[in-house]
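Structure below is query-v3.cif: mmCIF, C-alpha atoms.
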data_protein
#
loop_
_atom_site.group_PDB
_atom_site.id
_atom_site.type_symbol
_atom_site.label_atom_id
_atom_site.label_comp_id
_atom_site.auth_asym_id
_atom_site.auth_seq_id
_atom_site.Cartn_x
_atom_site.Cartn_y
_atom_site.Cartn_z
ATOM 1 C CA ALA Q 1 -9.588 -58.700 132.942
ATOM 2 C CA VAL Q 2 -7.188 -56.556 130.869
ATOM 3 C CA PRO Q 3 -4.643 -59.326 130.118
ATOM 4 C CA PHE Q 4 -7.417 -61.574 128.789
ATOM 5 C CA LEU Q 5 -8.844 -58.815 126.590
ATOM 6 C CA VAL Q 6 -5.329 -58.195 125.288
ATOM 7 C CA ALA Q 7 -4.900 -61.913 124.640
ATOM 8 C CA PHE Q 8 -8.112 -62.054 122.599
ATOM 9 C CA LEU Q 9 -7.001 -59.203 120.344
ATOM 10 C CA VAL Q 10 -3.339 -60.168 120.012
ATOM 11 C CA LEU Q 11 -3.954 -63.857 119.306
ATOM 12 C CA THR Q 12 -6.740 -63.103 116.820
ATOM 13 C CA ILE Q 13 -4.521 -60.716 114.859
ATOM 14 C CA VAL Q 14 -1.425 -62.919 115.048
ATOM 15 C CA GLY Q 15 -3.470 -65.899 113.856
ATOM 16 C CA GLU Q 16 -4.739 -63.918 110.880
ATOM 17 C CA ARG Q 17 -1.227 -62.780 109.957
ATOM 18 C CA LEU Q 18 0.065 -66.347 110.370
ATOM 19 C CA GLU Q 19 -2.369 -67.493 107.677
ATOM 20 C CA LEU Q 20 -0.989 -64.879 105.265
ATOM 21 C CA SER Q 21 2.631 -65.584 106.205
ATOM 22 C CA ARG Q 22 2.277 -69.051 104.702
ATOM 23 C CA MET Q 23 2.743 -67.434 101.290
ATOM 24 C CA ARG Q 24 6.387 -66.967 102.274
ATOM 25 C CA GLY Q 25 6.646 -70.598 103.384
ATOM 26 C CA PRO Q 26 8.068 -70.257 106.928
ATOM 27 C CA THR Q 27 10.318 -73.133 107.907
ATOM 28 C CA GLN Q 28 9.458 -75.643 110.596
ATOM 29 C CA PRO Q 29 11.826 -73.983 113.127
ATOM 30 C CA ALA Q 30 10.144 -70.637 112.405
ATOM 31 C CA ARG Q 31 6.696 -72.093 113.079
ATOM 32 C CA VAL Q 32 7.939 -73.687 116.279
ATOM 33 C CA ALA Q 33 9.406 -70.358 117.381
ATOM 34 C CA LEU Q 34 6.040 -68.622 116.891
ATOM 35 C CA LEU Q 35 4.211 -71.369 118.786
ATOM 36 C CA ALA Q 36 6.725 -70.971 121.629
ATOM 37 C CA ALA Q 37 6.113 -67.198 121.695
ATOM 38 C CA ILE Q 38 2.345 -67.731 121.743
ATOM 39 C CA ALA Q 39 2.662 -70.333 124.503
ATOM 40 C CA LEU Q 40 4.801 -67.976 126.605
ATOM 41 C CA PHE Q 41 2.303 -65.166 126.134
ATOM 42 C CA SER Q 42 -0.687 -67.385 126.934
ATOM 43 C CA CYS Q 43 0.973 -68.811 130.047
ATOM 44 C CA GLY Q 44 1.726 -65.283 131.208
ATOM 45 C CA VAL Q 45 -1.881 -64.191 130.753
ATOM 46 C CA ALA Q 46 -3.123 -67.220 132.700
ATOM 47 C CA ALA Q 47 -0.500 -66.649 135.417
ATOM 48 C CA THR Q 48 -1.868 -63.151 136.157
ATOM 49 C CA LEU Q 49 -4.690 -64.893 138.034
ATOM 50 C CA VAL Q 50 -2.130 -66.261 140.512
ATOM 51 C CA ASP Q 51 0.866 -63.904 140.438
ATOM 52 C CA ARG Q 52 0.100 -60.638 138.687
ATOM 53 C CA GLU Q 53 3.673 -59.375 138.388
ATOM 54 C CA LEU Q 54 5.097 -62.644 137.089
ATOM 55 C CA GLY Q 55 2.194 -63.077 134.683
ATOM 56 C CA VAL Q 56 2.480 -59.566 133.247
ATOM 57 C CA ARG Q 57 6.224 -59.961 132.700
ATOM 58 C CA LEU Q 58 5.794 -63.348 131.000
ATOM 59 C CA ALA Q 59 3.016 -61.958 128.809
ATOM 60 C CA GLY Q 60 5.228 -58.986 127.926
ATOM 61 C CA ALA Q 61 8.036 -61.307 126.894
ATOM 62 C CA GLY Q 62 5.569 -63.280 124.769
ATOM 63 C CA MET Q 63 4.295 -60.097 123.084
ATOM 64 C CA LEU Q 64 7.843 -58.992 122.318
ATOM 65 C CA ALA Q 65 8.678 -62.415 120.853
ATOM 66 C CA GLN Q 66 5.552 -62.394 118.660
ATOM 67 C CA ALA Q 67 6.321 -58.863 117.444
ATOM 68 C CA LEU Q 68 9.851 -59.853 116.449
ATOM 69 C CA TRP Q 69 8.555 -62.937 114.654
ATOM 70 C CA LEU Q 70 5.944 -60.957 112.727
ATOM 71 C CA ALA Q 71 8.413 -58.230 111.798
ATOM 72 C CA HIS Q 72 10.726 -60.873 110.336
ATOM 73 C CA HIS Q 73 8.324 -63.362 108.763
ATOM 74 C CA ASP Q 74 5.239 -61.372 107.790
ATOM 75 C CA VAL Q 75 4.562 -60.873 104.088
ATOM 76 C CA ALA Q 76 4.519 -57.105 104.759
ATOM 77 C CA ARG Q 77 8.316 -57.112 104.560
ATOM 78 C CA ARG Q 78 7.957 -57.949 100.878
ATOM 79 C CA THR Q 79 4.828 -55.965 100.006
ATOM 80 C CA ILE Q 80 6.225 -52.713 101.408
ATOM 81 C CA HIS Q 81 8.291 -52.474 98.221
ATOM 82 C CA MET Q 82 5.130 -52.404 96.097
ATOM 83 C CA THR Q 83 2.820 -49.451 95.471
ATOM 84 C CA GLY Q 84 -0.676 -48.220 96.284
ATOM 85 C CA VAL Q 85 -2.836 -49.942 98.851
ATOM 86 C CA THR Q 86 -0.387 -52.852 99.155
ATOM 87 C CA ARG Q 87 2.390 -50.590 100.397
ATOM 88 C CA TYR Q 88 -0.001 -48.647 102.638
ATOM 89 C CA MET Q 89 -1.127 -51.844 104.346
ATOM 90 C CA ALA Q 90 2.474 -52.993 104.784
ATOM 91 C CA VAL Q 91 3.508 -49.680 106.372
ATOM 92 C CA ALA Q 92 0.604 -49.823 108.826
ATOM 93 C CA LEU Q 93 1.309 -53.473 109.673
ATOM 94 C CA LEU Q 94 5.026 -52.987 110.332
ATOM 95 C CA ALA Q 95 4.327 -49.902 112.438
ATOM 96 C CA GLY Q 96 1.838 -51.943 114.442
ATOM 97 C CA TYR Q 97 4.429 -54.643 115.076
ATOM 98 C CA CYS Q 98 6.771 -51.976 116.437
ATOM 99 C CA TRP Q 99 4.113 -50.910 118.931
ATOM 100 C CA LEU Q 100 3.450 -54.514 119.925
ATOM 101 C CA ALA Q 101 7.162 -54.760 120.733
ATOM 102 C CA VAL Q 102 7.015 -51.487 122.699
ATOM 103 C CA ALA Q 103 4.050 -52.801 124.694
ATOM 104 C CA GLY Q 104 5.965 -55.998 125.407
ATOM 105 C CA VAL Q 105 8.965 -54.045 126.688
ATOM 106 C CA LEU Q 106 6.718 -51.876 128.898
ATOM 107 C CA TRP Q 107 4.991 -54.933 130.375
ATOM 108 C CA LEU Q 108 8.364 -56.522 131.005
ATOM 109 C CA HIS Q 109 9.746 -53.389 132.622
ATOM 110 C CA TYR Q 110 6.838 -52.438 134.874
ATOM 111 C CA GLY Q 111 5.499 -55.924 135.585
ATOM 112 C CA THR Q 112 2.128 -54.684 136.732
ATOM 113 C CA LEU Q 113 -1.239 -53.413 135.514
ATOM 114 C CA LEU Q 114 -2.574 -51.410 138.431
ATOM 115 C CA GLY Q 115 -5.326 -49.578 136.554
ATOM 116 C CA ALA Q 116 -4.047 -46.041 137.092
ATOM 117 C CA GLY Q 117 -1.083 -43.766 136.499
ATOM 118 C CA PRO Q 118 1.213 -42.979 133.577
ATOM 119 C CA ALA Q 119 2.785 -46.455 133.403
ATOM 120 C CA TYR Q 120 -0.639 -48.091 133.051
ATOM 121 C CA ASP Q 121 -1.597 -45.529 130.404
ATOM 122 C CA ALA Q 122 1.560 -46.251 128.389
ATOM 123 C CA GLU Q 123 1.205 -50.040 128.700
ATOM 124 C CA LEU Q 124 -2.358 -50.042 127.405
ATOM 125 C CA HIS Q 125 -2.209 -47.348 124.739
ATOM 126 C CA ALA Q 126 0.925 -48.763 123.126
ATOM 127 C CA LEU Q 127 -1.104 -51.925 122.572
ATOM 128 C CA PHE Q 128 -4.672 -50.758 121.943
ATOM 129 C CA LEU Q 129 -3.826 -47.649 119.925
ATOM 130 C CA GLY Q 130 -0.411 -48.470 118.508
ATOM 131 C CA PHE Q 131 -0.919 -52.128 117.647
ATOM 132 C CA VAL Q 132 -4.669 -52.691 117.351
ATOM 133 C CA PHE Q 133 -5.565 -49.456 115.571
ATOM 134 C CA SER Q 134 -2.646 -49.887 113.185
ATOM 135 C CA MET Q 135 -4.175 -53.248 112.277
ATOM 136 C CA VAL Q 136 -7.598 -51.608 111.850
ATOM 137 C CA PHE Q 137 -6.160 -48.911 109.583
ATOM 138 C CA ALA Q 138 -4.190 -51.519 107.613
ATOM 139 C CA HIS Q 139 -7.048 -53.948 107.001
ATOM 140 C CA ALA Q 140 -9.896 -51.465 106.501
ATOM 141 C CA PRO Q 141 -9.592 -51.393 102.656
ATOM 142 C CA VAL Q 142 -10.089 -55.181 102.659
ATOM 143 C CA ILE Q 143 -12.352 -55.797 105.664
ATOM 144 C CA VAL Q 144 -14.922 -53.035 105.057
ATOM 145 C CA PRO Q 145 -15.929 -54.289 101.592
ATOM 146 C CA ALA Q 146 -15.993 -57.908 102.814
ATOM 147 C CA VAL Q 147 -18.055 -57.243 105.949
ATOM 148 C CA LEU Q 148 -20.224 -54.267 105.002
ATOM 149 C CA GLY Q 149 -20.365 -54.751 101.255
ATOM 150 C CA VAL Q 150 -19.209 -51.159 100.770
ATOM 151 C CA SER Q 151 -16.320 -50.405 98.436
ATOM 152 C CA LEU Q 152 -13.440 -48.614 100.174
ATOM 153 C CA PRO Q 153 -10.879 -47.692 97.507
ATOM 154 C CA TYR Q 154 -7.380 -46.722 98.569
ATOM 155 C CA ARG Q 155 -6.575 -43.015 98.797
ATOM 156 C CA ARG Q 156 -3.164 -41.509 99.487
ATOM 157 C CA ALA Q 157 -4.873 -39.359 102.107
ATOM 158 C CA MET Q 158 -5.092 -42.502 104.273
ATOM 159 C CA TYR Q 159 -1.443 -41.973 105.169
ATOM 160 C CA ALA Q 160 -2.254 -38.706 106.969
ATOM 161 C CA PRO Q 161 -4.296 -40.213 109.844
ATOM 162 C CA LEU Q 162 -1.885 -43.159 110.015
ATOM 163 C CA VAL Q 163 1.097 -40.858 110.525
ATOM 164 C CA LEU Q 164 -0.890 -38.671 112.931
ATOM 165 C CA LEU Q 165 -1.828 -41.745 114.987
ATOM 166 C CA HIS Q 166 1.792 -42.740 115.512
ATOM 167 C CA VAL Q 167 3.091 -39.207 116.090
ATOM 168 C CA GLY Q 168 0.392 -38.645 118.699
ATOM 169 C CA LEU Q 169 1.115 -41.969 120.361
ATOM 170 C CA VAL Q 170 4.857 -41.278 120.541
ATOM 171 C CA LEU Q 171 4.039 -37.947 122.192
ATOM 172 C CA ARG Q 172 1.628 -39.603 124.597
ATOM 173 C CA ILE Q 173 4.021 -42.377 125.612
ATOM 174 C CA LEU Q 174 6.882 -39.921 126.096
ATOM 175 C CA GLY Q 175 4.550 -37.784 128.198
ATOM 176 C CA ASP Q 176 3.701 -40.828 130.304
ATOM 177 C CA LEU Q 177 7.320 -41.836 130.825
ATOM 178 C CA ALA Q 178 8.421 -38.284 131.653
ATOM 179 C CA GLU Q 179 5.202 -37.562 133.578
ATOM 180 C CA ASP Q 180 4.684 -34.550 131.317
ATOM 181 C CA VAL Q 181 0.951 -33.826 131.409
ATOM 182 C CA THR Q 182 1.102 -31.367 128.503
ATOM 183 C CA ALA Q 183 2.723 -33.875 126.146
ATOM 184 C CA TRP Q 184 0.316 -36.562 127.324
ATOM 185 C CA ARG Q 185 -2.709 -34.354 126.593
ATOM 186 C CA TRP Q 186 -1.488 -33.300 123.154
ATOM 187 C CA GLY Q 187 -0.735 -36.906 122.299
ATOM 188 C CA GLY Q 188 -4.287 -37.848 123.215
ATOM 189 C CA VAL Q 189 -5.729 -35.013 121.133
ATOM 190 C CA LEU Q 190 -3.660 -36.033 118.080
ATOM 191 C CA ASP Q 191 -4.717 -39.659 118.419
ATOM 192 C CA GLU Q 192 -8.389 -38.679 118.597
ATOM 193 C CA ALA Q 193 -7.894 -36.486 115.524
ATOM 194 C CA ALA Q 194 -6.218 -39.405 113.737
ATOM 195 C CA ILE Q 195 -9.136 -41.771 114.356
ATOM 196 C CA LEU Q 196 -11.731 -39.174 113.339
ATOM 197 C CA GLY Q 197 -9.600 -38.242 110.337
ATOM 198 C CA PHE Q 198 -9.415 -41.850 109.184
ATOM 199 C CA LEU Q 199 -13.182 -42.187 109.476
ATOM 200 C CA ALA Q 200 -13.615 -39.011 107.409
ATOM 201 C CA VAL Q 201 -11.212 -40.230 104.696
ATOM 202 C CA ALA Q 202 -12.873 -43.654 104.616
ATOM 203 C CA ILE Q 203 -16.384 -42.192 104.332
ATOM 204 C CA ALA Q 204 -15.272 -39.805 101.572
ATOM 205 C CA ALA Q 205 -13.570 -42.625 99.650
ATOM 206 C CA ALA Q 206 -16.594 -44.917 99.970
ATOM 207 C CA ALA Q 207 -18.980 -42.149 98.913
ATOM 208 C CA GLY Q 208 -16.808 -41.324 95.909
ATOM 209 C CA ALA Q 209 -16.736 -44.986 94.880
ATOM 210 C CA ARG Q 210 -20.546 -45.174 94.978
ATOM 211 C CA ARG Q 211 -20.996 -42.028 92.866
ATOM 212 C CA ARG Q 212 -18.515 -43.037 90.170
ATOM 213 C CA PRO Q 213 -20.460 -46.019 88.706
ATOM 214 C CA THR Q 214 -23.670 -43.942 88.651
ATOM 215 C CA ARG Q 215 -21.984 -41.253 86.580
ATOM 216 C CA GLY Q 216 -20.584 -43.877 84.247
ATOM 217 C CA ARG Q 217 -24.028 -45.384 83.648
ATOM 218 C CA SER Q 218 -25.651 -42.046 82.872
ATOM 219 C CA ARG Q 219 -22.921 -41.163 80.366
ATOM 220 C CA SER Q 220 -23.324 -44.582 78.745
ATOM 221 C CA THR Q 221 -27.102 -44.117 78.505
#
Any chance you could put this one into structure tokens?
Amino acid sequence: AVPFLVAFLVLTIVGERLELSRMRGPTQPARVALLAAIALFSCGVAATLVDRELGVRLAGAGMLAQALWLAHHDVARRTIHMTGVTRYMAVALLAGYCWLAVAGVLWLHYGTLLGAGPAYDAELHALFLGFVFSMVFAHAPVIVPAVLGVSLPYRRAMYAPLVLLHVGLVLRILGDLAEDVTAWRWGGVLDEAAILGFLAVAIAAAAGARRRPTRGRSRST
């Protein structure tokens, strides 16, 4: 089931970024290259039902190809030179693409998802924490107001949990690859702290945004 869950998340996010990449006007060969990467990934996911090792390796190659395409064609390459929330989102997006590439390399190298052990831990966390949570952190200032109707203004403090997430994940992956339990545990603790820290920053920013208009109205009155 894991490859299909991964496919749902990866293809949803890549599709959303493809919509935004149209602002840069990708050429026809570039669009064909992305479709080829998506087709390779999708074929790999489907092939896991027949030949797990072959399917995982094909899916890994497709993930790596999509990550390289996004890193080159995504609008984040341009917006990272801006300021404020625009740069923050670009940093989180590009970091997420790096982890998608790492996950692709791990799937290619190990060629299996056995459901246990350090290799399995690295393969999944590089994707679910490194890629997916980077996308969550990046899009939260836009998605939260649109979905929940709650203002979530950008705060520089948002960088702290973002950096902590990636530092913890590097430590965790290195612990997996070296079979170092101590590094693996500390990486997990830092990643948990990063997620809780982001929630705390987001709640504080949203609460501050709700108080500010009230104060303005009372002064005006």
Which residues match the PyMOL selection byres ((chain Q and resi 98-108) around 9) in the file above, as a tab-separated table (two decimals) with C-alpha atoms, in the frame of the given file?
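part-v6.tsv was written with the following content:
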chain	number	residue	atom	x	y	z
Q	10	VAL	CA	-3.34	-60.17	120.01
Q	56	VAL	CA	2.48	-59.57	133.25
Q	57	ARG	CA	6.22	-59.96	132.70
Q	58	LEU	CA	5.79	-63.35	131.00
Q	59	ALA	CA	3.02	-61.96	128.81
Q	60	GLY	CA	5.23	-58.99	127.93
Q	61	ALA	CA	8.04	-61.31	126.89
Q	62	GLY	CA	5.57	-63.28	124.77
Q	63	MET	CA	4.30	-60.10	123.08
Q	64	LEU	CA	7.84	-58.99	122.32
Q	65	ALA	CA	8.68	-62.42	120.85
Q	66	GLN	CA	5.55	-62.39	118.66
Q	67	ALA	CA	6.32	-58.86	117.44
Q	68	LEU	CA	9.85	-59.85	116.45
Q	71	ALA	CA	8.41	-58.23	111.80
Q	93	LEU	CA	1.31	-53.47	109.67
Q	94	LEU	CA	5.03	-52.99	110.33
Q	95	ALA	CA	4.33	-49.90	112.44
Q	96	GLY	CA	1.84	-51.94	114.44
Q	97	TYR	CA	4.43	-54.64	115.08
Q	109	HIS	CA	9.75	-53.39	132.62
Q	110	TYR	CA	6.84	-52.44	134.87
Q	111	GLY	CA	5.50	-55.92	135.58
Q	112	THR	CA	2.13	-54.68	136.73
Q	113	LEU	CA	-1.24	-53.41	135.51
Q	119	ALA	CA	2.78	-46.46	133.40
Q	122	ALA	CA	1.56	-46.25	128.39
Q	123	GLU	CA	1.20	-50.04	128.70
Q	124	LEU	CA	-2.36	-50.04	127.40
Q	125	HIS	CA	-2.21	-47.35	124.74
Q	126	ALA	CA	0.92	-48.76	123.13
Q	127	LEU	CA	-1.10	-51.92	122.57
Q	129	LEU	CA	-3.83	-47.65	119.92
Q	130	GLY	CA	-0.41	-48.47	118.51
Q	131	PHE	CA	-0.92	-52.13	117.65
Q	132	VAL	CA	-4.67	-52.69	117.35
Q	134	SER	CA	-2.65	-49.89	113.18
Provide the atom CA of Q:Pro161 to atom CA of Q:Ala207 distance in Å, to one decimal place. 18.4 Å
Any idea what's packed within 10 Å of Q:Arg22, counting all atoms listed in the file, ignoring anything in its chain fewer than 2 positions away? Could you give it as a ChimeraX atom specification? /Q:17-20,24-27,31,73-75
For the atom pair atom CA of Q:Arg77 and atom CA of Q:Phe4, what is the interatomic distance in Å to one decimal place?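 That distance, rounded to one decimal, is 29.2 Å.
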By how many Å are atom CA of Q:Ile38 and atom CA of Q:Leu174 apart?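 So the two atoms, atom CA of Q:Ile38 and atom CA of Q:Leu174, lie 28.5 Å apart.
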For the structure provided, state which residues fall under the PyMOL selection byres ((chain Q and resi 138) around 10), and present them as a PyMOL selection string. chain Q and resi 85-96+132-137+139-143+158+162
Taking the file as I've supplied it (selection: the PyMOL selection byres ((chain Q and resi 45) around 10)), which residues are included? Please answer as a PyMOL selection string. chain Q and resi 1-7+39-44+46-50+52+54-60+62
May I have the residues within 10 Å of Q:Gly188 as a list in words, using all atoms listed in the file and disregarding those fewer than 2 positions away in the same chain?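 Counting only the stated atoms, we get His125, Leu165, Gly168, Leu169, Leu171, Arg172, Ile173, Thr182, Ala183, Trp184, Arg185, Trp186, Leu190, Asp191, Glu192, Ala193 and Ala194 of chain Q.
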Taking all atoms listed in the file into account, which of Q:Ala178, Q:Ile203, Q:Leu164, Q:Ile195 comes nearest Q:Val144? Q:Ile203
Give the answer as one residue: which of Q:Arg156, Q:Trp69, Q:Leu148, Q:Ala200 has the shortest atom-to-atom distance to Q:Pro29, using only C-alpha atoms? Q:Trp69
Edge lengths and centre in Å to one decimal, as AutoDock Vina command-line options, of the axis-aligned box that encloses all listed atoms of stretch 48-53 of chain Q with 5 Å added on every side?
--center_x -0.5 --center_y -62.8 --center_z 138.3 --size_x 18.4 --size_y 16.9 --size_z 14.4
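Comparing Q:Ala37, Q:Val167, Q:Val181, Q:Ala202 by their smallest distance to Q:Pro153, the closest is Q:Ala202 (using all atoms listed in the file).
The smallest atom-to-atom distance between Q:Asp121 and any of Q:Glu53, Q:Gly187, Q:Gly15, Q:Arg78, using only C-alpha atoms, is found for Q:Gly187.
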Write out all heavy atoms for stretch 51-61 of chain Q, as a short mmCIF file (atom, residue, chain, number, x, y, z; two decimals), in the coordinates of the input.
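Saved to selection-v4.cif:
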data_model
loop_
_atom_site.label_atom_id
_atom_site.label_comp_id
_atom_site.auth_asym_id
_atom_site.auth_seq_id
_atom_site.Cartn_x
_atom_site.Cartn_y
_atom_site.Cartn_z
N ASP Q 51 -0.21 -64.85 140.11
CA ASP Q 51 0.87 -63.90 140.44
C ASP Q 51 0.87 -62.82 139.37
O ASP Q 51 1.36 -63.04 138.27
CB ASP Q 51 2.21 -64.64 140.47
CG ASP Q 51 3.35 -63.75 140.98
OD1 ASP Q 51 3.33 -62.53 140.72
OD2 ASP Q 51 4.27 -64.30 141.61
N ARG Q 52 0.31 -61.67 139.70
CA ARG Q 52 0.10 -60.64 138.69
C ARG Q 52 1.41 -60.16 138.08
O ARG Q 52 1.54 -60.02 136.88
CB ARG Q 52 -0.67 -59.46 139.29
CG ARG Q 52 -1.02 -58.38 138.28
CD ARG Q 52 -1.85 -57.28 138.90
NE ARG Q 52 -3.09 -57.82 139.45
CZ ARG Q 52 -3.91 -57.11 140.23
NH1 ARG Q 52 -3.60 -55.87 140.56
NH2 ARG Q 52 -5.01 -57.65 140.69
N GLU Q 53 2.41 -59.90 138.91
CA GLU Q 53 3.67 -59.38 138.39
C GLU Q 53 4.37 -60.38 137.48
O GLU Q 53 4.81 -60.03 136.37
CB GLU Q 53 4.60 -58.99 139.54
CG GLU Q 53 5.92 -58.39 139.05
CD GLU Q 53 6.80 -57.91 140.19
OE1 GLU Q 53 6.31 -57.80 141.34
OE2 GLU Q 53 7.99 -57.62 139.94
N LEU Q 54 4.46 -61.61 137.91
CA LEU Q 54 5.10 -62.64 137.09
C LEU Q 54 4.33 -62.83 135.78
O LEU Q 54 4.92 -62.92 134.70
CB LEU Q 54 5.15 -63.97 137.85
CG LEU Q 54 5.67 -65.17 137.06
CD1 LEU Q 54 7.11 -64.96 136.61
CD2 LEU Q 54 5.52 -66.46 137.88
N GLY Q 55 3.00 -62.88 135.87
CA GLY Q 55 2.19 -63.08 134.68
C GLY Q 55 2.34 -61.95 133.67
O GLY Q 55 2.47 -62.21 132.47
N VAL Q 56 2.34 -60.72 134.15
CA VAL Q 56 2.48 -59.57 133.25
C VAL Q 56 3.84 -59.59 132.56
O VAL Q 56 3.95 -59.32 131.36
CB VAL Q 56 2.27 -58.24 134.01
CG1 VAL Q 56 2.69 -57.05 133.16
CG2 VAL Q 56 0.81 -58.10 134.43
N ARG Q 57 4.88 -59.92 133.30
CA ARG Q 57 6.22 -59.96 132.70
C ARG Q 57 6.33 -61.08 131.66
O ARG Q 57 6.92 -60.89 130.59
CB ARG Q 57 7.28 -60.13 133.79
CG ARG Q 57 7.42 -58.92 134.71
CD ARG Q 57 8.61 -59.09 135.65
NE ARG Q 57 8.61 -58.07 136.69
CZ ARG Q 57 9.08 -56.84 136.54
NH1 ARG Q 57 9.58 -56.47 135.37
NH2 ARG Q 57 9.05 -55.98 137.55
N LEU Q 58 5.78 -62.25 131.97
CA LEU Q 58 5.79 -63.35 131.00
C LEU Q 58 5.00 -62.98 129.75
O LEU Q 58 5.43 -63.25 128.62
CB LEU Q 58 5.23 -64.62 131.63
CG LEU Q 58 6.09 -65.32 132.69
CD1 LEU Q 58 5.34 -66.50 133.29
CD2 LEU Q 58 7.42 -65.77 132.09
N ALA Q 59 3.83 -62.37 129.95
CA ALA Q 59 3.02 -61.96 128.81
C ALA Q 59 3.75 -60.91 127.98
O ALA Q 59 3.69 -60.93 126.74
CB ALA Q 59 1.67 -61.41 129.29
N GLY Q 60 4.45 -59.99 128.65
CA GLY Q 60 5.23 -58.99 127.93
C GLY Q 60 6.32 -59.62 127.09
O GLY Q 60 6.55 -59.22 125.94
N ALA Q 61 7.00 -60.61 127.66
CA ALA Q 61 8.04 -61.31 126.89
C ALA Q 61 7.43 -62.03 125.69
O ALA Q 61 8.01 -62.03 124.59
CB ALA Q 61 8.76 -62.31 127.80
#
